[in-house]
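Novice: Take a look at this one; I'll ask things after.
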Amino acid sequence: MKKLLANLLRQLGMLRFDFLVTKQDSFPQTPESDEEVILVESGAIQKWACFSCPGGCGERISLSLNPDRRPRWRIETDFWQRPSLHPSVHQQNECGCHFWVKKGQVYWCKDGQPETHIGKAK
Ligand SMILES: [Zn+2]
């Protein structure tokens, strides 16, 4: 329900986000939508953050949240389930996207990809 409200507030221009978190306990076969970060949790343990690359390349990104692995990321969510990821995401494949996610919003790094790269047809 909170997600519906968040989307409504976004339409009204009162809330900004590119991503909201959806929690589930198993690794997703496919992301539900390109505005979702799937947070895979097992019990109280955060395992993965999975989402589609916001650069428009459609690349699927899976970030390990396991503290025993390297590299690893931390994810925080706020009241609206907007994710903040730390450190930044730097794709090593040909898309080369490099960005931060803070409070659900994508911030592109210099040379990460310009906004014009986002070819979302909406
Ligand atoms: Zn990309």
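Residues in the structure tokens are numbered from 1 in each chain, the chains being A, B, ... in the order shown, and ligands are numbered from 1 in the order shown.
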Name the residues of stretch 15-83 of chain A that come out as strand (DSSP E) in a backbone DSSP run; write them as a PyMOL selection string.

Specialist: chain A and resi 20-24+36-42+45-52+60-64+74-77+83

Novice: Where in chain A does DSSP assign helix (DSSP H, G or I), given as a list in words?

Specialist: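 These are the residues in question: Lys2, Lys3, Leu4, Leu5, Ala6, Asn7, Leu8, Leu9, Arg10, Gln11, Glu115, Thr116 and His117 of chain A.
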
Novice: Pull C-alpha atoms from the residues just selected and write them as a PDB file, in the first residue's frame.

Specialist:
ATOM      1  CA  LYS A   2       2.844   2.305   0.852  1.00  0.00           C
ATOM      2  CA  LYS A   3       4.130   1.764  -2.660  1.00  0.00           C
ATOM      3  CA  LEU A   4       0.856   2.949  -4.162  1.00  0.00           C
ATOM      4  CA  LEU A   5       1.035   6.052  -2.031  1.00  0.00           C
ATOM      5  CA  ALA A   6       4.665   6.585  -2.995  1.00  0.00           C
ATOM      6  CA  ASN A   7       3.747   6.371  -6.672  1.00  0.00           C
ATOM      7  CA  LEU A   8       0.887   8.784  -6.154  1.00  0.00           C
ATOM      8  CA  LEU A   9       3.151  11.258  -4.382  1.00  0.00           C
ATOM      9  CA  ARG A  10       5.648  10.917  -7.193  1.00  0.00           C
ATOM     10  CA  GLN A  11       3.000  11.750  -9.747  1.00  0.00           C
ATOM     11  CA  GLU A 115      21.251  11.249 -18.967  1.00  0.00           C
ATOM     12  CA  THR A 116      20.699  11.177 -22.712  1.00  0.00           C
ATOM     13  CA  HIS A 117      21.640   7.512 -22.540  1.00  0.00           C
TER      14      HIS A 117
END

Novice: Hey, which residues come within 7 Å of ligand 1 if we count only C-alpha atoms and all ligand atoms? Could you give them as a list in words?

Specialist: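 Checked against 7 Å with only C-alpha atoms and all ligand atoms; the hits are Cys53, Pro54, Gly55, Gly56, Cys57, Gly58, Glu59, Gln91, Cys95, Gly96 and Cys97 of chain A.
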
Novice: May I ask which of the residues A:Leu20, A:Leu12, A:Arg60, A:Asp34 is the closest one to A:Phe79, counting only C-alpha atoms?

Specialist: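 Checking each of A:Leu20, A:Leu12, A:Arg60, A:Asp34 against A:Phe79, counting only C-alpha atoms, the winner is A:Leu20.
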
Novice: Do you know which residues are at most 6 Å from stretch 25-31 of chain A counting only C-alpha atoms, after dropping those on the same chain fewer than 3 positions away, and could you put them as a list in words?

Specialist: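 The contact residues come out as Val40, Glu41 and Ser42 of chain A.
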
Novice: Show me, as JSON, numbers by chain, the residues that have an atom within 7 Å of stretch 101-110 of chain A when counting only C-alpha atoms, minus same-chain residues fewer than 6 positions from it.

Specialist: {"A": [17, 18, 19, 20, 82, 83, 84, 85]}

Novice: Would you write out those residues with C-alpha atoms, as a CSV table (one decimal), in the first residue's frame?

Specialist:
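Here's the written file result11.csv:
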chain,number,residue,atom,x,y,z
A,17,PHE,CA,12.6,8.1,-6.9
A,18,ASP,CA,13.7,5.9,-9.7
A,19,PHE,CA,13.6,2.7,-7.6
A,20,LEU,CA,11.7,1.3,-4.8
A,82,ARG,CA,13.7,4.0,-1.4
A,83,PRO,CA,17.0,2.3,-1.6
A,84,SER,CA,20.4,3.8,-1.0
A,85,LEU,CA,23.4,1.8,-2.2

Novice: Any idea what's packed within 12 Å of A:Gln92, counting only C-alpha atoms, ignoring anything in its chain fewer than 6 positions away? Could you give it as a ChimeraX atom specification?

Specialist: /A:59,61,98,112

Novice: Record the distance separating atom CA of A:Lys47 and atom CA of A:Leu65, expressed in Å with one decimal.

Specialist: 4.9 Å

Novice: Would you please work out which residue, of A:Gln113, A:Gln46, A:Ser52, A:Gln81, is nearest to A:Ser64 when using only C-alpha atoms?

Specialist: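 Among the listed residues, A:Gln46 lies closest to A:Ser64.
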
Novice: State, in Å with one decimal place, the distance from atom CA of A:Asp68 to atom CA of A:Ser33.

Specialist: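 Separating atom CA of A:Asp68 from atom CA of A:Ser33 is a distance of 29.0 Å.
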
Novice: By how many Å are atom CA of A:Gln24 and atom CA of A:Glu76 apart?

Specialist: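 Answer for the atom CA of A:Gln24 to atom CA of A:Glu76 separation: 15.4 Å.
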
Novice: Applying 8 Å and only C-alpha atoms, which residues near A:Ile38 remain after dropping the ones on its own chain fewer than 4 positions away? List them as an NGL selection string.

Specialist: :A and (21-24 or 28 or 31 or 48-51)

Novice: What does the file look like for those residues with all heavy atoms, as a PDB file, in the first residue's frame?

Specialist:
ATOM      1  N   VAL A  21      12.242  -0.494  -3.232  1.00  0.00           N
ATOM      2  CA  VAL A  21      12.674  -1.842  -2.851  1.00  0.00           C
ATOM      3  C   VAL A  21      11.482  -2.780  -2.696  1.00  0.00           C
ATOM      4  O   VAL A  21      10.458  -2.409  -2.141  1.00  0.00           O
ATOM      5  CB  VAL A  21      13.468  -1.788  -1.522  1.00  0.00           C
ATOM      6  CG1 VAL A  21      13.582  -3.168  -0.887  1.00  0.00           C
ATOM      7  CG2 VAL A  21      14.850  -1.203  -1.767  1.00  0.00           C
ATOM      8  N   THR A  22      11.638  -3.958  -3.239  1.00  0.00           N
ATOM      9  CA  THR A  22      10.705  -5.054  -2.973  1.00  0.00           C
ATOM     10  C   THR A  22      11.511  -6.170  -2.328  1.00  0.00           C
ATOM     11  O   THR A  22      12.532  -6.588  -2.868  1.00  0.00           O
ATOM     12  CB  THR A  22      10.066  -5.567  -4.277  1.00  0.00           C
ATOM     13  OG1 THR A  22       9.309  -4.518  -4.862  1.00  0.00           O
ATOM     14  CG2 THR A  22       9.144  -6.744  -3.991  1.00  0.00           C
ATOM     15  N   LYS A  23      11.057  -6.632  -1.174  1.00  0.00           N
ATOM     16  CA  LYS A  23      11.791  -7.699  -0.494  1.00  0.00           C
ATOM     17  C   LYS A  23      11.215  -9.055  -0.854  1.00  0.00           C
ATOM     18  O   LYS A  23      10.003  -9.220  -0.943  1.00  0.00           O
ATOM     19  CB  LYS A  23      11.714  -7.501   1.023  1.00  0.00           C
ATOM     20  CG  LYS A  23      12.481  -6.294   1.503  1.00  0.00           C
ATOM     21  CD  LYS A  23      12.402  -6.157   3.006  1.00  0.00           C
ATOM     22  CE  LYS A  23      13.131  -4.892   3.452  1.00  0.00           C
ATOM     23  NZ  LYS A  23      13.001  -4.659   4.888  1.00  0.00           N
ATOM     24  N   GLN A  24      12.091  -9.992  -1.066  1.00  0.00           N
ATOM     25  CA  GLN A  24      11.646 -11.366  -1.224  1.00  0.00           C
ATOM     26  C   GLN A  24      12.740 -12.293  -0.736  1.00  0.00           C
ATOM     27  O   GLN A  24      13.874 -11.867  -0.502  1.00  0.00           O
ATOM     28  CB  GLN A  24      11.220 -11.654  -2.671  1.00  0.00           C
ATOM     29  CG  GLN A  24      12.284 -11.409  -3.724  1.00  0.00           C
ATOM     30  CD  GLN A  24      11.723 -11.614  -5.123  1.00  0.00           C
ATOM     31  OE1 GLN A  24      10.752 -10.971  -5.514  1.00  0.00           O
ATOM     32  NE2 GLN A  24      12.317 -12.524  -5.871  1.00  0.00           N
ATOM     33  N   PRO A  28      15.415 -13.510  -7.705  1.00  0.00           N
ATOM     34  CA  PRO A  28      14.368 -13.324  -8.720  1.00  0.00           C
ATOM     35  C   PRO A  28      14.764 -13.913 -10.077  1.00  0.00           C
ATOM     36  O   PRO A  28      15.921 -13.834 -10.478  1.00  0.00           O
ATOM     37  CB  PRO A  28      14.231 -11.803  -8.798  1.00  0.00           C
ATOM     38  CG  PRO A  28      15.572 -11.289  -8.398  1.00  0.00           C
ATOM     39  CD  PRO A  28      16.100 -12.262  -7.365  1.00  0.00           C
ATOM     40  N   PRO A  31      13.396  -9.360 -12.917  1.00  0.00           N
ATOM     41  CA  PRO A  31      12.924  -8.237 -12.105  1.00  0.00           C
ATOM     42  C   PRO A  31      11.464  -7.958 -12.427  1.00  0.00           C
ATOM     43  O   PRO A  31      11.031  -8.120 -13.577  1.00  0.00           O
ATOM     44  CB  PRO A  31      13.805  -7.075 -12.552  1.00  0.00           C
ATOM     45  CG  PRO A  31      14.943  -7.685 -13.288  1.00  0.00           C
ATOM     46  CD  PRO A  31      14.440  -8.970 -13.854  1.00  0.00           C
ATOM     47  N   TRP A  48      21.173 -10.274  -1.622  1.00  0.00           N
ATOM     48  CA  TRP A  48      21.372  -9.689  -2.941  1.00  0.00           C
ATOM     49  C   TRP A  48      20.471  -8.482  -3.136  1.00  0.00           C
ATOM     50  O   TRP A  48      19.378  -8.428  -2.594  1.00  0.00           O
ATOM     51  CB  TRP A  48      21.014 -10.694  -4.054  1.00  0.00           C
ATOM     52  CG  TRP A  48      21.833 -11.924  -4.077  1.00  0.00           C
ATOM     53  CD1 TRP A  48      21.507 -13.121  -3.508  1.00  0.00           C
ATOM     54  CD2 TRP A  48      23.119 -12.103  -4.706  1.00  0.00           C
ATOM     55  NE1 TRP A  48      22.523 -14.019  -3.750  1.00  0.00           N
ATOM     56  CE2 TRP A  48      23.506 -13.439  -4.472  1.00  0.00           C
ATOM     57  CE3 TRP A  48      23.952 -11.256  -5.431  1.00  0.00           C
ATOM     58  CZ2 TRP A  48      24.711 -13.941  -4.952  1.00  0.00           C
ATOM     59  CZ3 TRP A  48      25.147 -11.762  -5.908  1.00  0.00           C
ATOM     60  CH2 TRP A  48      25.516 -13.096  -5.663  1.00  0.00           C
ATOM     61  N   ALA A  49      20.946  -7.576  -3.965  1.00  0.00           N
ATOM     62  CA  ALA A  49      20.106  -6.503  -4.478  1.00  0.00           C
ATOM     63  C   ALA A  49      20.118  -6.656  -5.995  1.00  0.00           C
ATOM     64  O   ALA A  49      21.184  -6.625  -6.612  1.00  0.00           O
ATOM     65  CB  ALA A  49      20.641  -5.138  -4.069  1.00  0.00           C
ATOM     66  N   CYS A  50      18.954  -6.877  -6.592  1.00  0.00           N
ATOM     67  CA  CYS A  50      18.866  -7.155  -8.021  1.00  0.00           C
ATOM     68  C   CYS A  50      17.977  -6.115  -8.691  1.00  0.00           C
ATOM     69  O   CYS A  50      16.889  -5.817  -8.212  1.00  0.00           O
ATOM     70  CB  CYS A  50      18.255  -8.531  -8.270  1.00  0.00           C
ATOM     71  SG  CYS A  50      19.093  -9.853  -7.380  1.00  0.00           S
ATOM     72  N   PHE A  51      18.446  -5.585  -9.806  1.00  0.00           N
ATOM     73  CA  PHE A  51      17.656  -4.614 -10.539  1.00  0.00           C
ATOM     74  C   PHE A  51      18.188  -4.498 -11.956  1.00  0.00           C
ATOM     75  O   PHE A  51      19.252  -5.034 -12.278  1.00  0.00           O
ATOM     76  CB  PHE A  51      17.658  -3.250  -9.839  1.00  0.00           C
ATOM     77  CG  PHE A  51      19.032  -2.685  -9.556  1.00  0.00           C
ATOM     78  CD1 PHE A  51      19.571  -1.707 -10.373  1.00  0.00           C
ATOM     79  CD2 PHE A  51      19.763  -3.137  -8.474  1.00  0.00           C
ATOM     80  CE1 PHE A  51      20.824  -1.179 -10.106  1.00  0.00           C
ATOM     81  CE2 PHE A  51      21.027  -2.617  -8.207  1.00  0.00           C
ATOM     82  CZ  PHE A  51      21.555  -1.642  -9.018  1.00  0.00           C
TER      83      PHE A  51
END
